[in-house]
file entry-v1.tsv (TSV, C-alpha atoms)
chain	number	residue	atom	x	y	z
A	617	ALA	CA	-13.30	-1.17	16.78
A	618	ALA	CA	-14.92	-1.90	13.42
A	619	GLY	CA	-13.47	1.28	11.96
A	620	ILE	CA	-9.86	0.76	13.07
A	621	ALA	CA	-8.78	-1.66	10.33
A	622	PRO	CA	-10.18	0.29	7.34
A	623	CYS	CA	-8.88	3.58	8.82
A	624	ALA	CA	-5.39	2.15	9.22
A	625	ALA	CA	-5.49	0.62	5.74
A	626	LEU	CA	-6.60	3.89	4.16
A	627	PHE	CA	-4.03	5.91	6.05
A	628	PHE	CA	-0.95	3.77	5.50
A	629	GLY	CA	-1.92	2.94	1.92
A	630	THR	CA	-2.29	6.63	1.10
A	631	TYR	CA	0.78	7.64	3.13
A	632	GLU	CA	3.13	5.16	1.47
A	633	THR	CA	1.69	5.93	-1.97
A	634	MET	CA	2.04	9.68	-1.58
A	635	LYS	CA	5.56	9.79	-0.12
A	636	PRO	CA	7.43	9.06	-3.40
A	637	ILE	CA	4.99	11.17	-5.41
A	638	ILE	CA	5.46	14.19	-3.15
A	639	ALA	CA	9.23	13.67	-3.04
A	640	GLU	CA	9.31	13.64	-6.86
A	641	LEU	CA	7.17	16.76	-7.04
A	642	ARG	CA	9.57	18.46	-4.66
A	643	GLY	CA	12.40	17.56	-7.01
A	644	ALA	CA	14.08	15.28	-4.47
A	645	ASN	CA	13.96	11.71	-3.29
A	646	GLU	CA	14.24	10.40	0.26
A	647	ASP	CA	17.98	9.82	-0.09
A	648	SER	CA	18.79	13.40	-1.00
A	649	SER	CA	19.98	16.15	1.29
A	650	SER	CA	16.56	17.76	1.11
A	651	ASN	CA	14.64	17.76	4.38
A	652	PRO	CA	12.34	14.71	4.19
A	653	ALA	CA	10.14	15.97	7.05
A	654	VAL	CA	8.10	18.08	4.61
A	655	THR	CA	7.43	15.01	2.49
A	656	HIS	CA	6.43	12.95	5.54
A	657	MET	CA	4.14	15.66	6.92
A	658	THR	CA	2.41	16.27	3.59
A	659	ALA	CA	1.92	12.57	2.88
A	660	ALA	CA	0.65	11.97	6.41
A	661	SER	CA	-1.84	14.85	6.11
A	662	ILE	CA	-3.26	13.44	2.89
A	663	GLY	CA	-3.40	10.02	4.50
A	664	GLU	CA	-5.33	11.39	7.46
A	665	ALA	CA	-7.80	13.16	5.19
A	666	ALA	CA	-8.52	9.81	3.52
A	667	ALA	CA	-8.72	7.89	6.80
A	668	CYS	CA	-11.14	10.44	8.27
A	669	LEU	CA	-13.70	9.49	5.63
A	670	VAL	CA	-14.14	6.32	7.70
A	671	ARG	CA	-12.96	7.53	11.12
A	672	GLY	CA	-15.43	10.43	11.26
A	673	PRO	CA	-18.63	8.39	10.93
A	674	THR	CA	-17.41	5.65	13.29
A	675	GLU	CA	-16.50	8.21	15.95
A	676	VAL	CA	-19.88	9.93	15.65
A	677	VAL	CA	-21.64	6.61	16.26
A	678	LYS	CA	-19.21	5.71	19.07
A	679	SER	CA	-19.68	9.07	20.82
A	680	LYS	CA	-23.47	8.72	20.73
A	681	MET	CA	-23.33	5.23	22.21
A	682	GLN	CA	-20.78	6.14	24.90
A	683	THR	CA	-22.97	8.98	26.18
A	684	ASN	CA	-26.12	6.82	26.12
A	685	ALA	CA	-27.93	9.20	23.79
A	686	VAL	CA	-31.61	8.48	23.23
A	687	GLY	CA	-31.99	5.79	20.56
A	688	SER	CA	-28.38	4.58	20.83
A	689	SER	CA	-28.93	1.19	22.47
A	690	THR	CA	-27.45	-0.72	19.51
A	691	VAL	CA	-25.12	0.10	16.62
A	692	SER	CA	-27.92	-0.22	14.07
A	693	SER	CA	-30.33	2.00	16.00
A	694	THR	CA	-27.60	4.59	16.58
A	695	LEU	CA	-26.67	4.60	12.89
A	696	LYS	CA	-30.32	5.02	11.94
A	697	MET	CA	-30.68	7.92	14.38
A	698	VAL	CA	-27.53	9.67	13.12
A	699	LEU	CA	-28.60	9.28	9.48
A	700	SER	CA	-31.90	10.98	10.34
A	701	GLU	CA	-30.16	14.10	11.69
A	702	LYS	CA	-30.47	16.19	8.53
A	703	ASP	CA	-30.08	19.52	10.29
A	704	GLY	CA	-27.37	20.99	8.11
A	705	ARG	CA	-24.71	20.86	10.84
A	706	GLY	CA	-22.73	18.10	9.17
A	707	PHE	CA	-20.94	17.79	5.83
A	708	GLY	CA	-23.43	16.46	3.27
A	709	SER	CA	-26.13	16.17	5.94
A	710	GLY	CA	-28.82	15.95	3.28
A	711	VAL	CA	-27.40	12.55	2.30
A	712	PHE	CA	-25.30	11.37	5.25
A	713	GLY	CA	-27.27	12.93	8.09
A	714	GLY	CA	-25.00	13.57	11.06
A	715	LEU	CA	-22.35	11.01	10.09
A	716	TYR	CA	-19.88	13.70	9.04
A	717	ARG	CA	-20.68	16.15	11.81
A	718	GLY	CA	-17.31	17.21	13.16
A	719	TYR	CA	-15.42	16.06	10.05
A	720	GLY	CA	-13.69	19.43	9.81
A	721	ILE	CA	-12.53	19.42	13.45
A	722	THR	CA	-11.51	15.77	13.09
A	723	LEU	CA	-9.20	16.84	10.27
A	724	MET	CA	-8.00	19.72	12.45
A	725	ARG	CA	-7.07	17.16	15.09
A	726	GLU	CA	-5.60	14.48	12.85
A	727	VAL	CA	-3.53	16.69	10.56
A	728	PRO	CA	-1.57	18.34	13.41
A	729	PHE	CA	-1.27	14.88	14.97
A	730	ALA	CA	0.25	13.55	11.75
A	731	PHE	CA	2.48	16.63	11.42
A	732	ILE	CA	3.94	15.82	14.84
A	733	GLN	CA	3.93	12.02	14.85
A	734	PHE	CA	5.41	11.03	11.50
A	735	PRO	CA	8.39	13.38	11.27
A	736	MET	CA	9.20	12.45	14.89
A	737	TYR	CA	8.86	8.75	14.09
A	738	GLU	CA	11.15	9.04	11.09
A	739	ARG	CA	13.64	11.18	13.05
A	740	PHE	CA	13.69	8.79	16.02
A	741	LYS	CA	14.49	5.94	13.62
A	742	ILE	CA	17.27	7.89	11.91
A	743	GLU	CA	18.90	8.86	15.22
A	744	TRP	CA	18.62	5.31	16.56
A	745	GLU	CA	20.21	3.94	13.39
A	746	LYS	CA	23.06	6.46	13.65
A	747	MET	CA	23.62	5.53	17.28
A	748	GLN	CA	23.82	1.78	16.67
A	749	GLY	CA	25.31	1.84	13.17
A	750	HIS	CA	22.64	-0.22	11.39
A	751	ASP	CA	18.94	-0.27	10.56
A	752	THR	CA	16.38	-0.36	13.33
A	753	SER	CA	14.71	-3.67	14.08
A	754	PRO	CA	10.90	-4.02	13.92
A	755	LEU	CA	10.78	-3.79	17.72
A	756	GLN	CA	12.86	-0.62	17.72
A	757	ALA	CA	10.71	0.93	14.98
A	758	ALA	CA	7.60	0.06	17.02
A	759	THR	CA	9.12	1.77	20.05
A	760	CYS	CA	9.78	4.89	17.96
A	761	GLY	CA	6.17	4.84	16.81
A	762	SER	CA	4.96	4.48	20.38
A	763	PHE	CA	6.90	7.48	21.68
A	764	ALA	CA	6.01	9.64	18.67
A	765	GLY	CA	2.33	8.74	18.97
A	766	GLY	CA	2.23	9.43	22.70
A	767	ILE	CA	3.75	12.90	22.28
A	768	ALA	CA	1.44	13.76	19.38
A	769	GLY	CA	-1.56	12.45	21.31
A	770	ALA	CA	-0.77	14.66	24.33
A	771	VAL	CA	-0.33	17.80	22.23
A	772	THR	CA	-3.60	17.29	20.33
A	773	THR	CA	-5.78	16.39	23.34
A	774	PRO	CA	-7.62	19.77	23.36
A	775	LEU	CA	-8.58	19.24	19.71
A	776	ASP	CA	-9.87	15.78	20.61
A	777	VAL	CA	-12.07	17.24	23.37
A	778	ILE	CA	-13.52	19.83	20.97
A	779	LYS	CA	-14.06	17.18	18.28
A	780	THR	CA	-15.96	14.91	20.66
A	781	ARG	CA	-18.31	17.69	21.79
A	782	LEU	CA	-19.00	18.75	18.20
A	783	MET	CA	-19.80	15.18	17.22
A	784	LEU	CA	-22.28	14.90	20.07
A	785	GLY	CA	-23.96	17.99	18.60
A	786	SER	CA	-25.20	19.51	21.87
A	787	ASP	CA	-24.38	19.86	25.56
A	788	LYS	CA	-25.92	17.99	28.51
A	789	ALA	CA	-28.88	20.36	28.48
A	790	GLY	CA	-29.52	19.67	24.81
A	791	VAL	CA	-28.38	23.10	23.59
A	792	PRO	CA	-26.76	22.66	20.15
A	793	TYR	CA	-23.16	23.70	19.60
A	794	LYS	CA	-22.68	26.32	16.87
A	795	GLY	CA	-19.08	25.47	16.02
A	796	ALA	CA	-15.62	24.87	17.44
A	797	ARG	CA	-15.32	28.38	18.90
A	798	ASP	CA	-18.68	28.03	20.63
A	799	VAL	CA	-17.58	24.69	22.11
A	800	VAL	CA	-14.36	26.18	23.51
A	801	GLU	CA	-16.06	29.25	24.98
A	802	ARG	CA	-18.81	27.24	26.67
A	803	LEU	CA	-16.48	24.56	27.98
A	804	VAL	CA	-14.04	27.07	29.47
A	805	ASN	CA	-16.85	29.19	30.98
A	806	GLU	CA	-18.75	26.23	32.42
A	807	GLU	CA	-15.97	23.79	33.39
A	808	GLY	CA	-12.72	25.74	33.35
A	809	SER	CA	-9.78	25.58	30.96
A	810	SER	CA	-8.55	22.28	32.42
A	811	VAL	CA	-11.46	20.52	30.70
A	812	LEU	CA	-9.54	20.88	27.41
A	813	LEU	CA	-7.03	18.33	28.76
A	814	LYS	CA	-9.71	15.92	29.93
A	815	GLY	CA	-8.80	12.36	29.01
A	816	LEU	CA	-5.14	13.19	28.35
A	817	GLN	CA	-3.69	10.23	30.25
A	818	PRO	CA	-5.83	7.46	28.71
A	819	ARG	CA	-5.44	9.06	25.27
A	820	VAL	CA	-1.65	9.08	25.55
A	821	VAL	CA	-1.55	5.50	26.86
A	822	TRP	CA	-3.91	4.19	24.18
A	823	ILE	CA	-2.19	5.98	21.30
A	824	SER	CA	1.23	4.89	22.54
A	825	ILE	CA	0.06	1.28	22.51
A	826	GLY	CA	-1.50	1.78	19.08
A	827	GLY	CA	1.71	3.35	17.77
A	828	PHE	CA	3.71	0.37	18.97
A	829	VAL	CA	1.35	-2.07	17.23
A	830	PHE	CA	0.89	-0.20	13.93
A	831	PHE	CA	4.54	0.65	13.42
call {"tool": "encode", "arguments": {"input": "entry-v1.tsv", "output": "structure tokens"}}
result
Amino acid sequence: AAGIAPCAALFFGTYETMKPIIAELRGANEDSSSNPAVTHMTAASIGEAAACLVRGPTEVVKSKMQTNAVGSSTVSSTLKMVLSEKDGRGFGSGVFGGLYRGYGITLMREVPFAFIQFPMYERFKIEWEKMQGHDTSPLQAATCGSFAGGIAGAVTTPLDVIKTRLMLGSDKAGVPYKGARDVVERLVNEEGSSVLLKGLQPRVVWISIGGFVFF
């Protein structure tokens, strides 16, 4: 929970900052006939890249604690353990240890999520405004965010499963994962393809609630 506020602040701050800059670089503003979805997707992707600088480490620590990994009884002990994992399997592991393990796959999850969620959110608002003839209310905008987030969350569930396994670093037997492809092959061989949708329902519910609150 400690990482939610700074992640949201980094994302929305970057997203709102980048939208007019990207629109200007594209030679159009948001009121032009140019398709604004490209602007929204690009700005959201940059926002996610910034937010993942905080989200990645917090999710690594969270994953370790949720699976009761050895030495993960408290946040401080888990953080110390992760920082000591200088095995080269994480970005900048010589300095950050395992904090950024899975950063790449986290981006691979969050960028498609943003590509789906934000254009849908903006489109839902536009269509709602056309239907009723005036701007959406805060409650209506929140509802748009909830639906867009739920759909994006469902579509990106397999990426979330892969990300979680990579952040854990190894399987139940302690055999290290070699990368995203290795995770997929071993999961499908050992547990079946349905494992890639594991946690879909709670993920959709939680993200839908989050989308309603944040928007």
call {"tool": "closest_residue", "arguments": {"input": "entry-v1.tsv", "among": "A:Gly629, A:Pro728, A:Gly718, A:Gly766", "to": "Val820 of chain A", "atoms": "only C-alpha atoms"}}
result
A:Gly766
call {"tool": "atom_distance", "arguments": {"input": "entry-v1.tsv", "atom1": "atom CA of Val691 of chain A", "atom2": "atom CA of Ala621 of chain A"}}
result
17.6 Å
call {"tool": "closest_residue", "arguments": {"input": "entry-v1.tsv", "among": "A:Ala665, A:Gly826, A:Ala764, A:Met747", "to": "Ile620 of chain A", "atoms": "all atoms listed in the file"}}
result
A:Gly826
call {"tool": "atom_distance", "arguments": {"input": "entry-v1.tsv", "atom1": "atom CA of Glu640 of chain A", "atom2": "atom CA of Thr752 of chain A"}}
result
25.6 Å
call {"tool": "atom_distance", "arguments": {"input": "entry-v1.tsv", "atom1": "atom CA of Leu816 of chain A", "atom2": "atom CA of Ile767 of chain A"}}
result
10.8 Å
call {"tool": "closest_residue", "arguments": {"input": "entry-v1.tsv", "among": "A:Lys696, A:Thr722, A:Leu641, A:Ala653", "to": "Gly672 of chain A", "atoms": "all atoms listed in the file"}}
result
A:Thr722
call {"tool": "closest_residue", "arguments": {"input": "entry-v1.tsv", "among": "A:Pro735, A:Gly765, A:Gly790, A:Pro622", "to": "Cys668 of chain A", "atoms": "all atoms listed in the file"}}
result
A:Pro622
call {"tool": "closest_residue", "arguments": {"input": "entry-v1.tsv", "among": "A:Leu695, A:Leu626, A:Ile742, A:Leu813", "to": "Thr773 of chain A", "atoms": "all atoms listed in the file"}}
result
A:Leu813
call {"tool": "residues_around", "arguments": {"input": "entry-v1.tsv", "residues": "Leu775 of chain A", "least_positions_apart": "5", "cutoff": "10 Å", "atoms": "all atoms listed in the file", "output": "number ranges by chain"}}
result
A: 721-726, 728-729, 769, 780, 796, 800, 812-813
call {"tool": "closest_residue", "arguments": {"input": "entry-v1.tsv", "among": "A:Val676, A:Ser824, A:Lys746, A:Lys814", "to": "Pro774 of chain A", "atoms": "only C-alpha atoms"}}
result
A:Lys814
call {"tool": "residues_around", "arguments": {"input": "entry-v1.tsv", "residues": "segment 784-789 of chain A", "least_positions_apart": "5", "cutoff": "9 Å", "atoms": "only C-alpha atoms", "output": "PDB file with C-alpha atoms, in the coordinates of the input"}}
result
ATOM      1  CA  VAL A 676     -19.880   9.930  15.650  1.00  0.00           C
ATOM      2  CA  SER A 679     -19.680   9.070  20.820  1.00  0.00           C
ATOM      3  CA  LYS A 680     -23.470   8.720  20.730  1.00  0.00           C
ATOM      4  CA  THR A 683     -22.970   8.980  26.180  1.00  0.00           C
ATOM      5  CA  ALA A 685     -27.930   9.200  23.790  1.00  0.00           C
ATOM      6  CA  ARG A 705     -24.710  20.860  10.840  1.00  0.00           C
ATOM      7  CA  GLY A 714     -25.000  13.570  11.060  1.00  0.00           C
ATOM      8  CA  ARG A 717     -20.680  16.150  11.810  1.00  0.00           C
ATOM      9  CA  GLY A 718     -17.310  17.210  13.160  1.00  0.00           C
ATOM     10  CA  LYS A 779     -14.060  17.180  18.280  1.00  0.00           C
ATOM     11  CA  LYS A 794     -22.680  26.320  16.870  1.00  0.00           C
TER      12      LYS A 794
END
call {"tool": "build_atoms", "arguments": {"input": "entry-v1.tsv", "residues": "segment 798-830 of chain A", "atoms": "N, CA and C atoms", "output": "PDB file, in the frame of the given file"}}
result
ATOM      1  N   ASP A 798     -17.597  28.083  19.646  1.00  0.00           N
ATOM      2  CA  ASP A 798     -18.680  28.030  20.630  1.00  0.00           C
ATOM      3  C   ASP A 798     -18.411  26.931  21.657  1.00  0.00           C
ATOM      4  N   VAL A 799     -17.908  25.785  21.206  1.00  0.00           N
ATOM      5  CA  VAL A 799     -17.580  24.690  22.110  1.00  0.00           C
ATOM      6  C   VAL A 799     -16.518  25.132  23.122  1.00  0.00           C
ATOM      7  N   VAL A 800     -15.446  25.755  22.624  1.00  0.00           N
ATOM      8  CA  VAL A 800     -14.360  26.180  23.510  1.00  0.00           C
ATOM      9  C   VAL A 800     -14.845  27.196  24.534  1.00  0.00           C
ATOM     10  N   GLU A 801     -15.595  28.203  24.070  1.00  0.00           N
ATOM     11  CA  GLU A 801     -16.060  29.250  24.980  1.00  0.00           C
ATOM     12  C   GLU A 801     -16.971  28.677  26.062  1.00  0.00           C
ATOM     13  N   ARG A 802     -17.880  27.798  25.682  1.00  0.00           N
ATOM     14  CA  ARG A 802     -18.810  27.240  26.670  1.00  0.00           C
ATOM     15  C   ARG A 802     -18.129  26.278  27.624  1.00  0.00           C
ATOM     16  N   LEU A 803     -17.201  25.484  27.116  1.00  0.00           N
ATOM     17  CA  LEU A 803     -16.480  24.560  27.980  1.00  0.00           C
ATOM     18  C   LEU A 803     -15.648  25.305  29.012  1.00  0.00           C
ATOM     19  N   VAL A 804     -14.904  26.315  28.557  1.00  0.00           N
ATOM     20  CA  VAL A 804     -14.040  27.070  29.470  1.00  0.00           C
ATOM     21  C   VAL A 804     -14.876  27.834  30.496  1.00  0.00           C
ATOM     22  N   ASN A 805     -15.989  28.431  30.067  1.00  0.00           N
ATOM     23  CA  ASN A 805     -16.850  29.190  30.980  1.00  0.00           C
ATOM     24  C   ASN A 805     -17.544  28.297  31.999  1.00  0.00           C
ATOM     25  N   GLU A 806     -17.969  27.108  31.562  1.00  0.00           N
ATOM     26  CA  GLU A 806     -18.750  26.230  32.420  1.00  0.00           C
ATOM     27  C   GLU A 806     -17.901  25.271  33.254  1.00  0.00           C
ATOM     28  N   GLU A 807     -16.754  24.818  32.704  1.00  0.00           N
ATOM     29  CA  GLU A 807     -15.970  23.790  33.390  1.00  0.00           C
ATOM     30  C   GLU A 807     -14.521  24.162  33.654  1.00  0.00           C
ATOM     31  N   GLY A 808     -14.095  25.320  33.152  1.00  0.00           N
ATOM     32  CA  GLY A 808     -12.720  25.740  33.350  1.00  0.00           C
ATOM     33  C   GLY A 808     -11.810  25.249  32.230  1.00  0.00           C
ATOM     34  N   SER A 809     -10.673  25.906  32.066  1.00  0.00           N
ATOM     35  CA  SER A 809      -9.780  25.580  30.960  1.00  0.00           C
ATOM     36  C   SER A 809      -9.188  24.179  31.052  1.00  0.00           C
ATOM     37  N   SER A 810      -9.130  23.616  32.257  1.00  0.00           N
ATOM     38  CA  SER A 810      -8.550  22.280  32.420  1.00  0.00           C
ATOM     39  C   SER A 810      -9.356  21.201  31.709  1.00  0.00           C
ATOM     40  N   VAL A 811     -10.629  21.514  31.380  1.00  0.00           N
ATOM     41  CA  VAL A 811     -11.460  20.520  30.700  1.00  0.00           C
ATOM     42  C   VAL A 811     -10.896  20.192  29.317  1.00  0.00           C
ATOM     43  N   LEU A 812     -10.109  21.110  28.733  1.00  0.00           N
ATOM     44  CA  LEU A 812      -9.540  20.880  27.410  1.00  0.00           C
ATOM     45  C   LEU A 812      -8.464  19.789  27.425  1.00  0.00           C
ATOM     46  N   LEU A 813      -8.008  19.417  28.631  1.00  0.00           N
ATOM     47  CA  LEU A 813      -7.030  18.330  28.760  1.00  0.00           C
ATOM     48  C   LEU A 813      -7.683  17.075  29.347  1.00  0.00           C
ATOM     49  N   LYS A 814      -8.998  17.065  29.387  1.00  0.00           N
ATOM     50  CA  LYS A 814      -9.710  15.920  29.930  1.00  0.00           C
ATOM     51  C   LYS A 814      -9.451  14.680  29.076  1.00  0.00           C
ATOM     52  N   GLY A 815      -9.082  13.605  29.726  1.00  0.00           N
ATOM     53  CA  GLY A 815      -8.800  12.360  29.010  1.00  0.00           C
ATOM     54  C   GLY A 815      -7.395  12.267  28.467  1.00  0.00           C
ATOM     55  N   LEU A 816      -6.506  13.180  28.880  1.00  0.00           N
ATOM     56  CA  LEU A 816      -5.140  13.190  28.350  1.00  0.00           C
ATOM     57  C   LEU A 816      -4.408  11.882  28.635  1.00  0.00           C
ATOM     58  N   GLN A 817      -4.451  11.428  29.880  1.00  0.00           N
ATOM     59  CA  GLN A 817      -3.690  10.230  30.250  1.00  0.00           C
ATOM     60  C   GLN A 817      -4.125   8.981  29.490  1.00  0.00           C
ATOM     61  N   PRO A 818      -5.434   8.653  29.482  1.00  0.00           N
ATOM     62  CA  PRO A 818      -5.830   7.460  28.710  1.00  0.00           C
ATOM     63  C   PRO A 818      -5.576   7.603  27.220  1.00  0.00           C
ATOM     64  N   ARG A 819      -5.702   8.831  26.703  1.00  0.00           N
ATOM     65  CA  ARG A 819      -5.440   9.060  25.270  1.00  0.00           C
ATOM     66  C   ARG A 819      -3.982   8.778  24.947  1.00  0.00           C
ATOM     67  N   VAL A 820      -3.077   9.291  25.787  1.00  0.00           N
ATOM     68  CA  VAL A 820      -1.650   9.080  25.550  1.00  0.00           C
ATOM     69  C   VAL A 820      -1.303   7.598  25.657  1.00  0.00           C
ATOM     70  N   VAL A 821      -1.840   6.924  26.675  1.00  0.00           N
ATOM     71  CA  VAL A 821      -1.550   5.500  26.860  1.00  0.00           C
ATOM     72  C   VAL A 821      -2.060   4.695  25.667  1.00  0.00           C
ATOM     73  N   TRP A 822      -3.294   4.958  25.274  1.00  0.00           N
ATOM     74  CA  TRP A 822      -3.910   4.190  24.180  1.00  0.00           C
ATOM     75  C   TRP A 822      -3.201   4.417  22.860  1.00  0.00           C
ATOM     76  N   ILE A 823      -2.865   5.680  22.571  1.00  0.00           N
ATOM     77  CA  ILE A 823      -2.190   5.980  21.300  1.00  0.00           C
ATOM     78  C   ILE A 823      -0.770   5.431  21.303  1.00  0.00           C
ATOM     79  N   SER A 824      -0.117   5.459  22.463  1.00  0.00           N
ATOM     80  CA  SER A 824       1.230   4.890  22.540  1.00  0.00           C
ATOM     81  C   SER A 824       1.211   3.398  22.245  1.00  0.00           C
ATOM     82  N   ILE A 825       0.205   2.715  22.786  1.00  0.00           N
ATOM     83  CA  ILE A 825       0.060   1.280  22.510  1.00  0.00           C
ATOM     84  C   ILE A 825      -0.242   1.058  21.030  1.00  0.00           C
ATOM     85  N   GLY A 826      -1.142   1.886  20.499  1.00  0.00           N
ATOM     86  CA  GLY A 826      -1.500   1.780  19.080  1.00  0.00           C
ATOM     87  C   GLY A 826      -0.292   2.044  18.182  1.00  0.00           C
ATOM     88  N   GLY A 827       0.516   3.050  18.553  1.00  0.00           N
ATOM     89  CA  GLY A 827       1.710   3.350  17.770  1.00  0.00           C
ATOM     90  C   GLY A 827       2.690   2.208  17.756  1.00  0.00           C
ATOM     91  N   PHE A 828       2.810   1.518  18.886  1.00  0.00           N
ATOM     92  CA  PHE A 828       3.710   0.370  18.970  1.00  0.00           C
ATOM     93  C   PHE A 828       3.228  -0.760  18.055  1.00  0.00           C
ATOM     94  N   VAL A 829       1.916  -0.983  18.034  1.00  0.00           N
ATOM     95  CA  VAL A 829       1.350  -2.070  17.230  1.00  0.00           C
ATOM     96  C   VAL A 829       1.424  -1.749  15.736  1.00  0.00           C
ATOM     97  N   PHE A 830       0.995  -0.532  15.344  1.00  0.00           N
ATOM     98  CA  PHE A 830       0.890  -0.200  13.930  1.00  0.00           C
ATOM     99  C   PHE A 830       2.243   0.006  13.254  1.00  0.00           C
TER     100      PHE A 830
END
